[in-house]
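J.: One file is attached below, input-v9.cif, containing mmCIF, C-alpha atoms and all ligand atoms.
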```
data_start
loop_
_atom_site.label_atom_id
_atom_site.label_comp_id
_atom_site.auth_asym_id
_atom_site.auth_seq_id
_atom_site.Cartn_x
_atom_site.Cartn_y
_atom_site.Cartn_z
CA MET A 191 -244.86 -20.91 -249.82
CA ILE A 192 -243.46 -21.96 -246.48
CA THR A 193 -242.79 -25.68 -246.83
CA ARG A 194 -243.13 -28.36 -244.18
CA ALA A 195 -239.37 -28.68 -244.31
CA GLU A 196 -238.99 -25.02 -243.36
CA PHE A 197 -241.35 -25.37 -240.40
CA ALA A 198 -239.31 -28.41 -239.32
CA HIS A 199 -236.09 -26.43 -239.73
CA ARG A 200 -237.44 -23.70 -237.43
CA ARG A 201 -238.32 -26.23 -234.74
CA ARG A 202 -234.89 -27.85 -235.07
CA ALA A 203 -233.16 -24.46 -234.76
CA LEU A 204 -235.19 -23.59 -231.66
CA MET A 205 -234.57 -27.00 -230.06
CA ASP A 206 -230.84 -26.72 -230.74
CA ILE A 207 -230.78 -23.46 -228.78
CA MET A 208 -232.96 -24.88 -225.98
CA GLY A 209 -230.75 -27.93 -225.55
CA ASN A 210 -231.73 -31.36 -224.24
CA ASN A 211 -233.36 -31.68 -220.82
CA SER A 212 -235.76 -28.91 -221.74
CA ILE A 213 -239.36 -28.62 -222.89
CA ALA A 214 -241.14 -25.86 -224.80
CA ILE A 215 -244.89 -25.43 -224.43
CA LEU A 216 -246.85 -23.08 -226.67
CA PRO A 217 -250.65 -22.83 -226.90
CA SER A 218 -252.53 -21.81 -230.05
CA ALA A 219 -254.63 -18.65 -230.23
CA LYS A 220 -258.14 -18.73 -228.79
CA GLU A 221 -261.37 -18.14 -230.61
CA ASN A 222 -262.87 -14.76 -229.71
CA VAL A 223 -266.58 -13.99 -229.45
CA ARG A 224 -267.80 -11.34 -231.85
CA SER A 225 -271.47 -11.50 -230.98
CA ARG A 226 -273.10 -13.87 -228.50
CA ASP A 227 -272.48 -17.29 -230.04
CA THR A 228 -270.58 -16.24 -233.17
CA HIS A 229 -266.86 -15.70 -233.34
CA PHE A 230 -264.42 -13.46 -235.11
CA ARG A 231 -262.78 -15.37 -237.92
CA PHE A 232 -260.01 -17.35 -236.27
CA ARG A 233 -256.42 -16.22 -236.72
CA GLN A 234 -253.63 -18.40 -235.44
CA ASP A 235 -251.13 -16.98 -232.95
CA SER A 236 -248.09 -15.87 -234.95
CA ASP A 237 -245.55 -17.73 -232.80
CA PHE A 238 -247.61 -20.92 -232.90
CA HIS A 239 -248.01 -20.57 -236.65
CA TYR A 240 -244.28 -19.92 -237.11
CA LEU A 241 -243.41 -23.27 -235.52
CA THR A 242 -246.27 -25.44 -236.75
CA GLY A 243 -248.36 -24.01 -239.60
CA PHE A 244 -251.22 -25.73 -237.74
CA PRO A 245 -254.38 -23.64 -238.29
CA GLU A 246 -256.70 -24.73 -235.49
CA PRO A 247 -257.61 -23.32 -232.07
CA GLU A 248 -257.55 -25.52 -228.93
CA ALA A 249 -254.11 -26.84 -229.71
CA VAL A 250 -250.87 -26.95 -227.73
CA LEU A 251 -247.42 -27.49 -229.20
CA VAL A 252 -244.82 -29.28 -227.11
CA LEU A 253 -241.18 -29.56 -228.14
CA LEU A 254 -238.97 -32.09 -226.38
CA PRO A 255 -235.43 -31.94 -227.76
CA GLY A 256 -233.76 -35.35 -227.74
CA ARG A 257 -236.92 -37.32 -226.82
CA GLU A 258 -236.59 -40.81 -228.17
CA HIS A 259 -240.27 -41.25 -229.00
CA GLY A 260 -240.46 -38.00 -230.91
CA GLU A 261 -239.54 -34.40 -230.25
CA TYR A 262 -242.57 -32.73 -231.84
CA VAL A 263 -245.80 -33.36 -229.95
CA MET A 264 -249.20 -31.77 -230.55
CA PHE A 265 -252.32 -31.70 -228.44
CA CYS A 266 -255.34 -30.88 -230.58
CA ARG A 267 -259.08 -31.40 -230.97
CA GLU A 268 -260.28 -34.88 -231.76
CA LYS A 269 -262.15 -35.56 -234.93
CA ASP A 270 -265.86 -35.33 -234.25
CA PRO A 271 -268.39 -35.84 -237.05
CA HIS A 272 -271.11 -33.86 -235.28
CA MET A 273 -268.91 -30.85 -234.50
CA GLU A 274 -267.35 -30.99 -237.96
CA THR A 275 -270.79 -30.93 -239.59
CA TRP A 276 -271.59 -27.72 -237.75
CA HIS A 277 -268.25 -25.96 -237.41
CA GLY A 278 -265.87 -27.26 -240.03
CA ARG A 279 -263.23 -29.90 -240.56
CA ARG A 280 -260.62 -30.80 -237.96
CA GLU A 281 -257.26 -32.42 -238.50
CA GLY A 282 -257.50 -34.67 -235.48
CA GLN A 283 -254.45 -36.51 -234.20
CA GLU A 284 -253.91 -38.42 -237.44
CA GLY A 285 -254.05 -35.22 -239.51
CA ALA A 286 -251.60 -33.49 -237.17
CA LYS A 287 -249.12 -36.29 -237.77
CA LYS A 288 -249.80 -36.84 -241.46
CA HIS A 289 -250.12 -33.22 -242.64
CA PHE A 290 -248.02 -31.31 -240.11
CA GLY A 291 -245.24 -33.76 -239.35
CA CYS A 292 -245.97 -34.21 -235.64
CA ASN A 293 -244.18 -37.21 -234.16
CA ASP A 294 -246.95 -37.73 -231.65
CA ALA A 295 -250.39 -36.21 -231.22
CA PHE A 296 -252.91 -36.46 -228.37
CA PRO A 297 -256.46 -35.21 -227.76
CA ILE A 298 -256.43 -31.76 -226.15
CA ASP A 299 -258.82 -33.08 -223.49
CA ASP A 300 -256.09 -35.45 -222.28
CA ILE A 301 -253.47 -32.76 -221.72
CA ASP A 302 -253.79 -32.73 -217.91
CA GLU A 303 -252.99 -36.42 -217.72
CA ILE A 304 -250.20 -36.46 -220.26
CA LEU A 305 -248.29 -33.20 -220.02
CA PRO A 306 -246.87 -33.63 -216.48
CA GLY A 307 -245.34 -36.90 -217.69
CA LEU A 308 -243.70 -35.11 -220.61
CA MET A 309 -242.31 -32.45 -218.27
CA GLU A 310 -240.94 -35.03 -215.87
CA GLY A 311 -237.13 -35.16 -215.84
CA ARG A 312 -236.74 -32.01 -217.98
CA GLU A 313 -234.85 -29.24 -216.23
CA ARG A 314 -236.08 -26.18 -218.07
CA ILE A 315 -239.53 -25.12 -219.30
CA TYR A 316 -239.58 -22.62 -222.15
CA TYR A 317 -242.88 -20.79 -222.15
CA GLU A 318 -244.32 -17.35 -223.02
CA PHE A 319 -245.42 -16.02 -219.66
CA GLY A 320 -248.24 -13.53 -219.57
CA ASN A 321 -249.42 -13.99 -223.15
CA HIS A 322 -252.02 -16.61 -222.30
CA PRO A 323 -253.20 -15.79 -218.75
CA GLU A 324 -255.38 -18.89 -218.22
CA PHE A 325 -252.68 -21.15 -219.54
CA ASP A 326 -250.10 -19.68 -217.12
CA SER A 327 -251.89 -21.29 -214.21
CA ASP A 328 -252.19 -24.61 -216.08
CA ILE A 329 -248.41 -24.66 -216.39
CA MET A 330 -248.03 -24.13 -212.64
CA THR A 331 -250.63 -26.82 -211.93
CA TRP A 332 -248.68 -29.36 -213.99
CA VAL A 333 -245.40 -28.41 -212.34
CA ASN A 334 -247.06 -28.75 -208.93
CA ILE A 335 -248.35 -32.22 -209.77
CA LEU A 336 -244.72 -33.26 -210.27
CA ARG A 337 -243.55 -31.40 -207.17
CA ALA A 338 -246.06 -33.37 -205.12
CA GLN A 339 -244.49 -36.57 -206.42
CA VAL A 340 -240.86 -35.77 -205.58
CA LYS A 341 -240.82 -38.30 -202.76
CA LYS A 342 -241.89 -40.94 -205.25
CA GLY A 343 -238.88 -40.04 -207.37
CA ALA A 344 -240.32 -37.42 -209.75
CA HIS A 345 -238.01 -34.73 -211.16
CA PRO A 346 -239.98 -31.53 -211.71
CA PRO A 347 -238.42 -28.83 -213.90
CA GLY A 348 -236.57 -26.28 -211.81
CA GLU A 349 -236.30 -23.42 -214.28
CA LEU A 350 -238.90 -21.44 -216.19
CA ILE A 351 -237.48 -19.51 -219.14
CA ASP A 352 -239.18 -17.01 -221.42
CA LEU A 353 -239.67 -18.58 -224.84
CA SER A 354 -240.63 -15.32 -226.57
CA HIS A 355 -237.14 -13.97 -226.61
CA LEU A 356 -235.58 -16.92 -228.42
CA LEU A 357 -238.43 -17.19 -230.83
CA HIS A 358 -238.62 -13.49 -231.60
CA ASP A 359 -234.91 -13.30 -232.31
CA MET A 360 -235.49 -16.05 -234.86
CA ARG A 361 -238.54 -14.39 -236.38
CA LEU A 362 -236.67 -11.11 -236.83
CA ILE A 363 -234.46 -12.65 -239.53
CA LYS A 364 -236.54 -13.77 -242.48
CA SER A 365 -235.60 -16.69 -244.74
CA LYS A 366 -235.61 -16.48 -248.53
CA ALA A 367 -238.99 -18.24 -248.62
CA GLU A 368 -240.45 -15.79 -246.09
CA ILE A 369 -239.19 -12.85 -248.12
CA ARG A 370 -240.75 -14.33 -251.26
CA VAL A 371 -244.12 -14.58 -249.50
CA MET A 372 -243.79 -11.04 -248.13
CA HIS A 373 -242.88 -9.75 -251.59
CA LYS A 374 -246.02 -11.39 -252.95
CA ALA A 375 -248.11 -9.86 -250.14
CA ALA A 376 -246.62 -6.46 -251.03
CA ASP A 377 -247.31 -6.98 -254.76
CA ILE A 378 -250.94 -7.87 -254.04
CA SER A 379 -251.24 -4.81 -251.81
CA SER A 380 -249.63 -2.59 -254.44
CA GLU A 381 -252.16 -3.74 -257.04
CA ALA A 382 -254.93 -2.83 -254.61
CA HIS A 383 -253.44 0.65 -254.10
CA ILE A 384 -253.28 1.10 -257.88
CA ALA A 385 -256.91 0.02 -258.24
CA ALA A 386 -257.88 2.51 -255.51
CA MET A 387 -256.08 5.34 -257.31
CA LYS A 388 -257.87 4.49 -260.55
CA LEU A 389 -261.25 4.27 -258.87
CA CYS A 390 -260.99 7.42 -256.80
CA GLN A 391 -262.97 10.52 -257.72
CA PRO A 392 -264.78 13.29 -255.87
CA GLY A 393 -268.13 12.30 -254.43
CA ILE A 394 -267.48 8.63 -253.72
CA ASN A 395 -267.26 7.29 -250.21
CA GLU A 396 -264.16 6.11 -248.39
CA LEU A 397 -266.04 2.84 -247.84
CA ARG A 398 -266.22 2.24 -251.59
CA ILE A 399 -262.44 2.47 -251.72
CA GLU A 400 -262.06 0.20 -248.68
CA SER A 401 -264.29 -2.40 -250.30
CA GLU A 402 -262.27 -2.20 -253.52
CA ILE A 403 -259.08 -2.83 -251.55
CA LYS A 404 -260.58 -5.83 -249.78
CA TYR A 405 -261.84 -7.19 -253.09
CA GLN A 406 -258.44 -6.74 -254.71
CA PHE A 407 -256.71 -8.54 -251.83
CA ALA A 408 -259.13 -11.47 -251.81
CA ASN A 409 -259.29 -11.75 -255.56
CA GLN A 410 -255.52 -12.15 -255.65
CA GLY A 411 -255.55 -14.87 -253.01
CA ALA A 412 -255.05 -12.83 -249.84
CA ARG A 413 -258.32 -13.20 -247.95
CA HIS A 414 -257.39 -10.92 -245.06
CA GLU A 415 -256.10 -7.44 -244.47
CA ALA A 416 -252.98 -7.53 -242.28
CA TYR A 417 -254.63 -4.76 -240.22
CA SER A 418 -257.74 -2.63 -240.64
CA SER A 419 -257.22 -0.54 -243.76
CA ILE A 420 -257.05 3.21 -243.26
CA VAL A 421 -258.87 5.09 -246.02
CA ALA A 422 -258.68 8.69 -244.93
CA GLY A 423 -259.89 11.59 -247.06
CA GLY A 424 -258.81 15.16 -246.24
CA SER A 425 -258.25 15.85 -242.57
CA ASN A 426 -259.13 12.26 -241.62
CA ALA A 427 -255.53 11.49 -242.62
CA CYS A 428 -254.44 13.48 -239.57
CA ILE A 429 -256.00 10.80 -237.32
CA LEU A 430 -253.25 8.21 -237.37
CA HIS A 431 -255.41 5.14 -236.82
CA TYR A 432 -258.54 6.37 -238.61
CA VAL A 433 -260.61 3.32 -239.51
CA GLU A 434 -264.19 4.66 -239.77
CA ASN A 435 -263.68 4.91 -243.54
CA ASP A 436 -267.19 6.23 -244.09
CA ALA A 437 -266.82 9.84 -245.24
CA LEU A 438 -267.39 11.30 -248.71
CA LEU A 439 -264.26 12.17 -250.65
CA ASN A 440 -264.12 15.81 -251.59
CA ASP A 441 -262.79 17.55 -254.66
CA GLY A 442 -259.57 19.32 -253.68
CA ASP A 443 -258.70 16.98 -250.78
CA LEU A 444 -255.99 14.37 -250.54
CA LEU A 445 -256.72 10.71 -249.85
CA MET A 446 -254.30 8.76 -247.66
CA ILE A 447 -254.57 4.99 -247.82
CA ASP A 448 -252.66 2.73 -245.45
CA ALA A 449 -253.49 -0.85 -246.41
CA GLY A 450 -251.65 -4.15 -246.60
CA ALA A 451 -252.67 -7.70 -247.36
CA GLU A 452 -251.88 -10.74 -245.26
CA LEU A 453 -250.58 -13.74 -247.17
CA GLU A 454 -249.82 -17.06 -245.47
CA GLY A 455 -249.88 -15.04 -242.26
CA TYR A 456 -247.31 -12.48 -243.46
CA ALA A 457 -248.15 -8.78 -243.57
CA ALA A 458 -247.60 -6.03 -246.07
CA ASP A 459 -247.96 -2.46 -244.78
CA ILE A 460 -248.12 0.21 -247.48
CA SER A 461 -249.30 3.83 -247.47
CA ARG A 462 -249.86 6.10 -250.42
CA THR A 463 -251.34 9.59 -250.56
CA PHE A 464 -252.89 11.12 -253.67
CA PRO A 465 -255.34 13.84 -254.73
CA VAL A 466 -259.01 12.81 -254.77
CA ASN A 467 -259.48 14.63 -258.10
CA GLY A 468 -256.27 13.31 -259.63
CA GLN A 469 -254.34 16.60 -259.52
CA PHE A 470 -252.16 17.78 -256.60
CA SER A 471 -252.61 21.45 -255.70
CA GLU A 472 -249.45 23.48 -255.34
CA VAL A 473 -249.74 23.54 -251.57
CA GLN A 474 -250.35 19.78 -251.39
CA ARG A 475 -247.40 19.18 -253.67
CA THR A 476 -244.97 21.07 -251.42
CA VAL A 477 -245.93 18.89 -248.47
CA TYR A 478 -245.96 15.74 -250.58
CA ASP A 479 -242.53 16.42 -252.05
CA CYS A 480 -241.07 16.92 -248.59
CA VAL A 481 -242.45 13.61 -247.31
CA LEU A 482 -241.36 11.86 -250.50
CA LYS A 483 -237.83 13.15 -250.10
CA ALA A 484 -237.81 11.93 -246.49
CA ASN A 485 -239.05 8.51 -247.65
CA ILE A 486 -236.46 8.19 -250.43
CA GLU A 487 -233.50 9.38 -248.37
CA ALA A 488 -234.50 7.31 -245.33
CA ILE A 489 -234.69 4.15 -247.44
CA LYS A 490 -231.13 4.82 -248.65
CA VAL A 491 -229.69 4.25 -245.17
CA VAL A 492 -231.30 0.82 -244.80
CA LYS A 493 -228.26 -1.44 -244.95
CA PRO A 494 -226.47 -3.99 -242.79
CA GLY A 495 -224.52 -2.43 -239.94
CA ASN A 496 -226.59 0.75 -239.75
CA ALA A 497 -228.75 1.35 -236.70
CA TRP A 498 -232.37 0.40 -237.25
CA SER A 499 -233.17 3.99 -236.23
CA ALA A 500 -231.00 5.54 -238.98
CA PRO A 501 -233.98 5.98 -241.37
CA HIS A 502 -235.87 7.82 -238.62
CA ASP A 503 -232.98 10.20 -237.99
CA VAL A 504 -232.69 10.95 -241.70
CA ALA A 505 -236.45 11.43 -242.08
CA VAL A 506 -236.69 13.75 -239.08
CA ARG A 507 -233.96 16.04 -240.44
CA ILE A 508 -235.56 16.25 -243.88
CA LEU A 509 -239.06 16.80 -242.54
CA THR A 510 -237.82 19.45 -240.10
CA GLN A 511 -235.90 21.24 -242.85
CA GLY A 512 -239.09 21.04 -244.94
CA LEU A 513 -241.10 22.63 -242.13
CA ILE A 514 -238.52 25.43 -241.98
CA ASP A 515 -238.67 25.94 -245.76
CA LEU A 516 -242.47 26.04 -245.63
CA LYS A 517 -242.15 28.64 -242.84
CA ILE A 518 -244.11 26.44 -240.47
CA LEU A 519 -241.17 26.20 -238.06
CA LYS A 520 -238.66 28.96 -237.33
CA GLY A 521 -235.14 28.46 -236.07
CA GLU A 522 -231.98 26.43 -236.57
CA LEU A 523 -232.32 22.90 -237.95
CA GLU A 524 -230.13 21.36 -235.22
CA THR A 525 -232.04 23.04 -232.41
CA LEU A 526 -235.43 22.18 -233.87
CA VAL A 527 -234.40 18.53 -234.28
CA GLU A 528 -232.97 18.39 -230.78
CA THR A 529 -236.04 19.95 -229.18
CA GLU A 530 -238.35 17.77 -231.30
CA ALA A 531 -240.13 20.86 -232.61
CA TYR A 532 -241.40 18.74 -235.52
CA LYS A 533 -243.46 16.52 -233.19
CA PRO A 534 -246.81 18.35 -233.58
CA PHE A 535 -246.63 17.53 -237.30
CA TYR A 536 -244.68 14.26 -237.20
CA MET A 537 -245.53 12.34 -234.07
CA HIS A 538 -244.74 8.73 -234.98
CA LYS A 539 -241.60 6.73 -235.71
CA THR A 540 -240.41 6.20 -239.26
CA GLY A 541 -240.83 2.43 -239.16
CA HIS A 542 -241.08 -0.91 -237.43
CA TRP A 543 -240.27 -4.55 -238.07
CA LEU A 544 -242.63 -6.31 -240.44
CA GLY A 545 -243.42 -10.02 -240.65
CA LEU A 546 -246.12 -12.36 -239.37
CA ASP A 547 -247.32 -9.43 -237.28
CA VAL A 548 -247.67 -6.04 -238.90
CA HIS A 549 -245.76 -4.52 -235.98
CA ASP A 550 -243.54 -7.54 -235.88
CA VAL A 551 -241.61 -9.00 -232.98
CA GLY A 552 -237.91 -8.46 -232.39
CA ASP A 553 -235.87 -6.14 -230.22
CA TYR A 554 -235.23 -2.53 -231.18
CA ILE A 555 -232.46 -2.09 -228.63
CA GLU A 556 -229.35 -4.18 -228.10
CA GLY A 557 -227.39 -3.38 -224.97
CA ASN A 558 -228.10 0.33 -224.75
CA GLU A 559 -227.83 0.94 -228.48
CA PRO A 560 -230.40 0.82 -231.27
CA LYS A 561 -230.33 -2.63 -232.88
CA ARG A 562 -228.09 -2.88 -235.96
CA LEU A 563 -229.68 -3.92 -239.23
CA SER A 564 -228.65 -7.23 -240.75
CA GLU A 565 -229.52 -9.31 -243.79
CA GLY A 566 -233.03 -10.78 -243.71
CA MET A 567 -234.64 -8.14 -241.54
CA VAL A 568 -237.74 -6.47 -242.98
CA LEU A 569 -238.92 -3.05 -241.87
CA THR A 570 -241.23 -0.26 -242.96
CA VAL A 571 -240.10 3.25 -243.83
CA GLU A 572 -243.06 5.56 -243.36
CA PRO A 573 -242.45 9.27 -242.89
CA GLY A 574 -245.43 11.61 -242.86
CA LEU A 575 -246.60 15.13 -242.14
CA TYR A 576 -249.94 15.94 -240.56
CA PHE A 577 -251.63 19.34 -240.31
CA PRO A 578 -254.98 18.98 -238.52
CA PRO A 579 -257.53 21.76 -239.12
CA LYS A 580 -257.63 24.58 -236.58
CA THR A 581 -254.04 24.01 -235.48
CA LYS A 582 -253.08 27.12 -233.52
CA GLY A 583 -250.39 29.23 -235.12
CA LEU A 584 -250.54 27.27 -238.39
CA ASP A 585 -251.46 29.08 -241.61
CA LYS A 586 -254.91 27.93 -242.81
CA LYS A 587 -253.58 26.87 -246.18
CA TRP A 588 -252.05 23.77 -244.56
CA TRP A 589 -255.13 22.74 -242.62
CA GLY A 590 -256.45 19.26 -243.39
CA ILE A 591 -253.37 18.04 -245.20
CA GLY A 592 -252.06 14.67 -244.05
CA VAL A 593 -249.45 12.79 -246.05
CA ARG A 594 -247.77 9.45 -245.34
CA ILE A 595 -245.69 7.44 -247.78
CA GLU A 596 -244.90 3.98 -246.46
CA ASP A 597 -242.76 1.31 -248.05
CA ASP A 598 -241.68 -2.20 -247.04
CA VAL A 599 -237.94 -2.72 -247.18
CA VAL A 600 -235.84 -5.89 -246.93
CA VAL A 601 -232.28 -5.66 -245.64
CA THR A 602 -230.04 -7.50 -248.12
CA ALA A 603 -226.37 -8.55 -247.88
CA LYS A 604 -225.15 -5.25 -249.31
CA GLY A 605 -228.05 -2.86 -248.84
CA HIS A 606 -231.77 -3.14 -249.26
CA LYS A 607 -234.62 -4.04 -251.56
CA VAL A 608 -237.95 -2.21 -251.60
CA ILE A 609 -240.75 -4.76 -252.05
CA SER A 610 -243.65 -2.28 -252.16
CA ASN A 611 -242.59 -0.46 -255.32
CA LYS A 612 -245.12 -1.97 -257.69
CA VAL A 613 -247.30 1.03 -256.82
CA THR A 614 -245.69 4.32 -257.70
CA LYS A 615 -245.12 7.14 -255.22
CA ASP A 616 -243.94 9.60 -257.87
CA PRO A 617 -246.50 12.43 -257.91
CA GLU A 618 -246.51 12.86 -261.69
CA GLU A 619 -246.86 9.14 -262.26
CA ILE A 620 -249.75 9.07 -259.78
CA GLU A 621 -251.47 11.90 -261.68
CA SER A 622 -250.92 10.11 -264.97
CA LEU A 623 -252.25 6.82 -263.57
CA MET A 624 -255.36 8.58 -262.28
CA ARG A 625 -256.03 10.19 -265.67
CA HIS A 626 -256.38 6.81 -267.36
N1 LIG B 1 -250.57 0.43 -240.57
C1 LIG B 1 -249.95 0.57 -239.35
C2 LIG B 1 -248.61 1.17 -239.48
O1 LIG B 1 -248.33 1.76 -240.49
O2 LIG B 1 -247.78 1.03 -238.64
MN MN B 2 -249.14 1.36 -242.37
MN MN B 3 -246.39 0.71 -240.67
#
```
Starting from the coordinates I provided, produce the structure as structure tokens.
Ligand code: GLY
Ligand code: MN
Ligand code: MN

T.:
Amino acid sequence: MITRAEFAHRRRALMDIMGNNSIAILPSAKENVRSRDTHFRFRQDSDFHYLTGFPEPEAVLVLLPGREHGEYVMFCREKDPHMETWHGRREGQEGAKKHFGCNDAFPIDDIDEILPGLMEGRERIYYEFGNHPEFDSDIMTWVNILRAQVKKGAHPPGELIDLSHLLHDMRLIKSKAEIRVMHKAADISSEAHIAAMKLCQPGINELRIESEIKYQFANQGARHEAYSSIVAGGSNACILHYVENDALLNDGDLLMIDAGAELEGYAADISRTFPVNGQFSEVQRTVYDCVLKANIEAIKVVKPGNAWSAPHDVAVRILTQGLIDLKILKGELETLVETEAYKPFYMHKTGHWLGLDVHDVGDYIEGNEPKRLSEGMVLTVEPGLYFPPKTKGLDKKWWGIGVRIEDDVVVTAKGHKVISNKVTKDPEEIESLMRH
């Protein structure tokens, strides 16, 4: 669990970097219409959640380092018995203070009157430009109110600084508590993958598997998927973001599942591939073994000091060598890697940062170099090979095979820790699990 003290620590760390004479302003996520007057289930903006844990829309966080009357200010909805009867409970200003540690809280409807006063005398505004288009113009309106009062002695802020960068640097390094939550999210997801393997048999629908995964997540306390699960039988696995999940699963095909639970806002992101009938064919096994080797060897280079891209480089070499061995590519390894000859069969990167967002924030480049790994970073390692049907020049025996094996890996002080290993990726263990 992320404690109130940890949320407070994050705000303190951010304010220490911002320095006094500055103000940070961050709006919550908006509710989005799904159909006429009903909404998608609300999900808080990850940055807003990271700093507050406050779960409501129509809220604005304001941080004022060094402010005597309180540094942590929240604008949020007022309590309203009528609205709460129809739409659910609200914290109100008292709840924001009592349950979320705000020093001060005001009704969101009063923001136009109050916020310019909070900005006054602060030199720098930290704000995420472009992420909340309507809010961008509100910020300028408030600054302009102060500019119009300069003759009366007002001091409008002179500098606008991007808040995302500071915040995303912080979010890239996970605390021990964050890693514990992510490990739990990965455990829950692994159990769901195991259940899917046990349930799978020829003739059932991908949707049945998807519903089992959702049930397993929710039943273990993770109400949401971190992203739409991909349940892709046969050649559907060659569509990278396949989410229809409505086809029958055929005897003799593989099933690729890419599914991860969200817990306390944190994502897991795990892929496993296994035979629908519980037994890999020889041809499937050759492809699977190649991807598995790429996955295992790529994970080995996850350690502090290595480039974040090191796992990708390792995976690409192994997959390319595999394609040569399978006689799918011809030529020298070095040349084929250099000319990216593997790209028709391996078109995505081997991983990404993982955290509150499944494709989490944080730079991938530092200076002109790939970012170096350091303790507390969490990334996926997810090599794959994809052979869509009717691929020109490709022997038919490969058609329709798509394999991805994706793990979640924490960078530790000396190396790494795989947190998605509760579900096996060993082909014989998968077959044994599916027999029982
Ligand atoms: N599930 C999305 C990804 O693997 O990046
Ligand atoms: Mn994935
Ligand atoms: Mn991924």

J.: Report the distance between atom CA of Glu402 of chain A and atom CA of Cys390 of chain A in Å, rounded to one decimal place.

T.: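 Calculated distance between atom CA of Glu402 of chain A and atom CA of Cys390 of chain A is 10.2 Å.
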
J.: Got a sec: who's within 9 Å of Val601 of chain A, counting only C-alpha atoms, leaving out chain neighbours fewer than 3 positions off, as a list in words?

T.: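 Counting only the stated atoms, we get Val492, Lys493, Pro494, Leu563, Ser564, Glu565, Gly566, Met567, Val568, Leu569, Lys604, Gly605, His606, Lys607 and Val608 of chain A.
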
J.: Show me which residues line ligand MN 3 (chain B), defined as having an atom within 12 Å of a ligand atom where all atoms listed in the file count, and present them as number ranges by chain.

T.: A: 416-420, 430-431, 447-450, 457-462, 538-545, 547-550, 568-574, 594-599

J.: Kindly provide the residues of segment 197-271 of chain A that approach segment 297-310 of chain A to within 10 Å, each paired with its closest atom pair and their distance in Å to one decimal, based on all atoms listed in the file, listed by chain and increasing number, as JSON lines.

T.:
```
{"residue": "A:Asn211", "atom": "CA", "partner": "A:Met309", "partner_atom": "CA", "distance": 9.3}
{"residue": "A:Ser212", "atom": "CA", "partner": "A:Met309", "partner_atom": "CA", "distance": 8.2}
{"residue": "A:Ile213", "atom": "CA", "partner": "A:Met309", "partner_atom": "CA", "distance": 6.7}
{"residue": "A:Ala214", "atom": "CA", "partner": "A:Met309", "partner_atom": "CA", "distance": 9.4}
{"residue": "A:Ile215", "atom": "CA", "partner": "A:Leu305", "partner_atom": "CA", "distance": 9.6}
{"residue": "A:Glu248", "atom": "CA", "partner": "A:Ile298", "partner_atom": "CA", "distance": 6.9}
{"residue": "A:Ala249", "atom": "CA", "partner": "A:Ile298", "partner_atom": "CA", "distance": 6.5}
{"residue": "A:Val250", "atom": "CA", "partner": "A:Ile298", "partner_atom": "CA", "distance": 7.5}
{"residue": "A:Val252", "atom": "CA", "partner": "A:Leu308", "partner_atom": "CA", "distance": 8.8}
{"residue": "A:Leu253", "atom": "CA", "partner": "A:Leu308", "partner_atom": "CA", "distance": 9.7}
{"residue": "A:Leu254", "atom": "CA", "partner": "A:Leu308", "partner_atom": "CA", "distance": 8.0}
{"residue": "A:Arg257", "atom": "CA", "partner": "A:Leu308", "partner_atom": "CA", "distance": 9.5}
{"residue": "A:Val263", "atom": "CA", "partner": "A:Leu308", "partner_atom": "CA", "distance": 9.7}
{"residue": "A:Met264", "atom": "CA", "partner": "A:Ile298", "partner_atom": "CA", "distance": 8.5}
{"residue": "A:Phe265", "atom": "CA", "partner": "A:Ile298", "partner_atom": "CA", "distance": 4.7}
{"residue": "A:Cys266", "atom": "CA", "partner": "A:Ile298", "partner_atom": "CA", "distance": 4.6}
{"residue": "A:Arg267", "atom": "CA", "partner": "A:Ile298", "partner_atom": "CA", "distance": 5.5}
{"residue": "A:Glu268", "atom": "CA", "partner": "A:Pro297", "partner_atom": "CA", "distance": 5.5}
{"residue": "A:Lys269", "atom": "CA", "partner": "A:Pro297", "partner_atom": "CA", "distance": 9.2}
```

J.: Do you have the atom CA of Pro346 of chain A-atom CA of Ile329 of chain A distance handy?

T.: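 Atom CA of Ile329 of chain A lies 11.8 Å from atom CA of Pro346 of chain A.
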
J.: Of the residues A:Leu356, A:Ser236, A:Lys374, A:Ser327, which is the one nearest to Ile207 of chain A, using all atoms listed in the file?

T.: A:Leu356

J.: When distances are computed from all atoms listed in the file, which of A:Tyr317, A:Lys580, A:Phe464, A:Glu415 shows the smallest separation from ligand LIG 1 (chain B)?

T.: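 Of all the options, A:Glu415 lies closest to ligand LIG 1 (chain B).
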
J.: So what do you get for atom CA of His358 of chain A versus atom CA of Glu559 of chain A, distance-wise?

T.: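 If I compute the distance from atom CA of His358 of chain A to atom CA of Glu559 of chain A, I get 18.3 Å.
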
J.: Name the residues in contact with Phe197 of chain A at a cut-off of 9 Å, using all atoms listed in the file, excluding same-chain residues fewer than 5 positions from it; report them as number ranges by chain.

T.: A: 192, 202, 240-243, 290

J.: My list of candidates is A:Asp359, A:Glu621, A:Asp436, A:Glu472. Which is closest to Asp553 of chain A when distances are computed with only C-alpha atoms?

T.: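 Counting only C-alpha atoms, the residue closest to Asp553 of chain A is A:Asp359.
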
J.: Can you tell me which residues surround Ala437 of chain A at a distance of at most 12 Å, considering only C-alpha atoms, apart from same-chain residues fewer than 3 positions away, and format the answer as a list of chain:residue names?

T.: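 My reading of the contact set: A:Pro392, A:Gly393, A:Ile394, A:Asn395, A:Glu396, A:Leu397, A:Arg398, A:Ile399, A:Glu400, A:Ile420, A:Val421, A:Ala422, A:Gly423, A:Gly424, A:Ser425, A:Asn426, A:Ala427, A:Tyr432, A:Val433, A:Glu434, A:Asn440, A:Leu445.
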